[in-house]
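Text of protein.cif (mmCIF, C-alpha atoms) as supplied:
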```cif
data_upload
#
loop_
_atom_site.label_atom_id
_atom_site.label_comp_id
_atom_site.auth_asym_id
_atom_site.auth_seq_id
_atom_site.Cartn_x
_atom_site.Cartn_y
_atom_site.Cartn_z
CA MET S 230 -10.57 24.62 -36.88
CA ILE S 231 -10.43 23.68 -33.22
CA LEU S 232 -7.55 24.97 -31.09
CA LEU S 233 -6.37 22.87 -28.14
CA SER S 234 -3.89 24.34 -25.66
CA THR S 235 -2.80 21.24 -23.74
CA VAL S 236 -2.58 17.47 -23.99
CA ASP S 237 -5.52 17.29 -21.56
CA ASP S 238 -7.51 19.51 -23.95
CA THR S 239 -6.67 17.03 -26.72
CA ARG S 240 -7.98 14.14 -24.59
CA ASP S 241 -11.12 16.16 -23.79
CA PHE S 242 -11.61 16.75 -27.52
CA GLY S 243 -11.42 12.97 -28.02
CA ARG S 244 -14.12 12.48 -25.36
CA ARG S 245 -16.37 15.00 -27.14
CA LEU S 246 -15.77 13.24 -30.43
CA ALA S 247 -16.60 9.86 -28.87
CA ALA S 248 -20.08 11.17 -28.05
CA VAL S 249 -20.96 11.17 -31.77
CA LEU S 250 -19.27 7.87 -32.64
CA ARG S 251 -21.04 4.57 -33.09
CA PRO S 252 -20.12 1.00 -33.98
CA GLY S 253 -18.91 0.74 -37.56
CA ASP S 254 -17.26 4.17 -37.61
CA LEU S 255 -13.76 4.70 -38.95
CA VAL S 256 -11.70 7.61 -37.63
CA LEU S 257 -8.31 8.42 -39.17
CA LEU S 258 -5.98 10.46 -36.96
CA THR S 259 -3.36 12.25 -39.03
CA GLY S 260 -0.57 14.64 -38.16
CA PRO S 261 3.15 14.79 -37.52
CA LEU S 262 4.98 12.93 -34.79
CA GLY S 263 4.03 14.40 -31.40
CA ALA S 264 0.90 16.13 -32.68
CA GLY S 265 -1.43 14.41 -30.20
CA LYS S 266 -2.90 11.51 -32.14
CA THR S 267 -2.53 9.06 -29.26
CA ALA S 268 -3.89 11.62 -26.76
CA ALA S 269 -6.96 12.05 -28.98
CA ALA S 270 -7.32 8.25 -29.16
CA GLN S 271 -7.10 8.09 -25.35
CA GLY S 272 -9.95 10.58 -25.13
CA ILE S 273 -12.01 8.63 -27.64
CA GLY S 274 -11.44 5.45 -25.63
CA ALA S 275 -12.43 7.20 -22.39
CA GLY S 276 -15.54 8.61 -24.04
CA LEU S 277 -16.51 5.16 -25.33
CA GLY S 278 -15.94 3.66 -21.88
CA VAL S 279 -13.35 1.11 -22.97
CA ARG S 280 -11.36 -0.75 -20.34
CA GLY S 281 -7.62 -0.53 -19.86
CA PRO S 282 -5.06 2.07 -20.83
CA ILE S 283 -4.87 3.38 -24.37
CA THR S 284 -1.23 3.52 -25.48
CA SER S 285 0.36 3.97 -28.86
CA PRO S 286 -0.01 0.69 -30.77
CA THR S 287 3.08 1.37 -32.91
CA PHE S 288 4.84 -1.87 -32.04
CA VAL S 289 1.81 -4.16 -31.95
CA ILE S 290 0.13 -2.28 -34.83
CA ALA S 291 -3.42 -2.89 -33.55
CA ARG S 292 -5.21 -3.42 -30.25
CA VAL S 293 -8.83 -4.14 -29.44
CA HIS S 294 -10.14 -2.37 -26.33
CA GLN S 295 -13.33 -3.85 -24.90
CA GLY S 296 -16.17 -1.75 -23.55
CA PRO S 297 -19.83 -0.88 -24.17
CA VAL S 298 -18.65 0.14 -27.65
CA PRO S 299 -15.34 -1.60 -28.37
CA MET S 300 -12.51 0.36 -29.97
CA VAL S 301 -9.97 -1.02 -32.40
CA HIS S 302 -6.89 1.21 -32.14
CA ALA S 303 -4.38 0.76 -34.96
CA ASP S 304 -1.18 2.48 -35.99
CA ALA S 305 -0.19 2.39 -39.66
CA TYR S 306 3.10 4.25 -39.12
CA ARG S 307 5.33 1.21 -39.61
CA LEU S 308 3.31 0.04 -42.59
CA GLY S 309 4.22 3.05 -44.72
CA ASP S 310 7.62 1.66 -45.67
CA ARG S 311 6.34 -1.77 -46.69
CA PRO S 312 6.21 -2.75 -50.39
CA ASP S 313 2.39 -2.86 -50.32
CA PRO S 314 1.12 -1.08 -47.20
CA ARG S 315 -2.52 -1.39 -48.29
CA ALA S 316 -2.14 -5.17 -48.34
CA GLU S 317 -0.65 -4.95 -44.84
CA ILE S 318 -3.79 -3.10 -43.68
CA ASP S 319 -5.88 -5.88 -45.26
CA ASP S 320 -3.77 -8.49 -43.46
CA LEU S 321 -4.59 -6.88 -40.11
CA ASP S 322 -8.21 -7.90 -40.74
CA LEU S 323 -9.47 -4.71 -39.09
CA ASP S 324 -12.70 -4.91 -41.04
CA ALA S 325 -13.58 -8.16 -39.20
CA SER S 326 -14.62 -6.16 -36.14
CA ALA S 327 -15.52 -2.95 -37.96
CA GLU S 328 -19.28 -3.39 -37.65
CA ASP S 329 -19.16 -3.88 -33.88
CA ALA S 330 -16.47 -1.38 -32.94
CA VAL S 331 -15.20 2.11 -33.55
CA THR S 332 -11.95 1.81 -35.50
CA VAL S 333 -9.36 4.51 -34.83
CA VAL S 334 -6.26 4.46 -37.05
CA GLU S 335 -3.23 6.65 -36.40
CA TRP S 336 -1.09 7.46 -39.48
CA GLY S 337 -3.85 5.93 -41.63
CA GLU S 338 -4.09 8.57 -44.35
CA GLY S 339 -3.57 6.99 -47.75
CA LEU S 340 -3.74 3.50 -46.27
CA ALA S 341 -6.84 2.85 -44.17
CA GLU S 342 -9.54 4.67 -46.15
CA GLN S 343 -10.26 1.35 -47.87
CA LEU S 344 -11.77 0.04 -44.64
CA ASN S 345 -14.92 2.14 -44.98
CA ASP S 346 -16.43 4.36 -47.68
CA GLU S 347 -17.57 6.73 -44.92
CA TYR S 348 -15.00 7.96 -42.43
CA LEU S 349 -13.83 10.95 -40.44
CA GLN S 350 -10.34 12.30 -40.87
CA VAL S 351 -9.02 14.19 -37.85
CA ARG S 352 -6.03 16.30 -38.83
CA ILE S 353 -3.96 17.44 -35.87
CA ASP S 354 -1.12 19.91 -36.30
CA ARG S 355 1.17 20.97 -33.48
CA ARG S 356 2.08 24.63 -33.61
CA ASP S 357 5.32 26.18 -32.39
CA ASP S 358 3.64 27.22 -29.12
CA ASP S 359 2.47 23.59 -28.55
CA THR S 360 -1.13 24.49 -29.36
CA ARG S 361 -2.85 21.82 -31.41
CA ALA S 362 -4.94 22.87 -34.41
CA VAL S 363 -7.54 20.26 -35.31
CA ASP S 364 -9.49 20.05 -38.53
CA LEU S 365 -12.30 17.54 -38.94
CA VAL S 366 -12.72 16.35 -42.52
CA PRO S 367 -15.84 14.26 -43.10
CA HIS S 368 -15.90 11.73 -45.93
CA GLY S 369 -19.37 10.55 -46.87
CA GLY S 370 -22.32 9.48 -44.80
CA ASP S 371 -23.79 11.73 -42.14
CA TRP S 372 -20.44 12.86 -40.69
CA GLU S 373 -21.06 16.51 -41.54
CA ALA S 374 -24.18 16.63 -39.35
CA ARG S 375 -22.68 14.52 -36.58
CA ILE S 376 -19.59 16.70 -36.10
CA LYS S 377 -21.35 20.06 -36.46
CA ASP S 378 -21.46 20.76 -32.71
CA ILE S 379 -17.88 19.61 -32.13
CA ASN S 380 -16.60 22.29 -34.49
CA GLU S 381 -18.26 25.07 -32.49
#
```

Once you've parsed the file, please lay out its structure as structure tokens.
Amino acid sequence: MILLSTVDDTRDFGRRLAAVLRPGDLVLLTGPLGAGKTAAAQGIGAGLGVRGPITSPTFVIARVHQGPVPMVHADAYRLGDRPDPRAEIDDLDLDASAEDAVTVVEWGEGLAEQLNDEYLQVRIDRRDDDTRAVDLVPHGGDWEARIKDINE
């Protein structure tokens, strides 16, 4: 578990995580409202060197941010109440750019895992004192080795 005291710490964590990411990676950011998912995505974007501000994609659902390694930033929050949210994820066609970009999905647990057999789940919980507790849960591939130093 990684403890982060401030929103800036959460962004810095995202930058550290970006250092081990590569095109084709899928990262699912999970946690309650206000946990810091977008702040972590901002850090990932900064670490990847993408251009433009990273904001919550809740209302547009997905944005592509260009850079040396592009980042697809999606938000599945509004898809959860649809009759078939997995079909909605398919309709976004996120896998079209998956090989060339890092795909970061907020609220993607239970919905976006279908995009890649190998992915990293980043669970962020906000404690009563506003500290964020982050757990990295690797799924397949070489994620375990890649995130080893981030956990320390």

**Report entry** Computed interatomic separation between CA of Pro282 (chain S) and CA of Arg356 (chain S) (Å)
**Finding:** 26.9 Å

Requested in this report: Excluding Ile231 (chain S) and residues on its chain fewer than 6 positions from it, collect all residues at most 12 Å away from it, counting all atoms listed in the file, and give them as a PyMOL selection string.
Outcome: chain S and resi 238-239+242-243+351-355+360-365+376-381

Query raised in the report: Expanded to explicit residues, what is the PyMOL selection byres ((chain S and resi 268-279) around 10) for this file, as a PyMOL selection string?
Result: chain S and resi 236-251+256+258+263-267+280-285+293-303+331+333-335+351+353

Query - Exercise: Gly369 (chain S) partners within 12 Å, only C-alpha atoms, chain neighbours under 6 positions left out, as a PyMOL selection string - result: chain S and resi 254-255+342+345-350+375

Query raised in the report: In Å to one decimal, how far is CA of Leu257 (chain S) from CA of Asp357 (chain S)?
Result: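 Atom-to-atom, CA of Asp357 (chain S) and CA of Leu257 (chain S) are spaced 23.4 Å apart.
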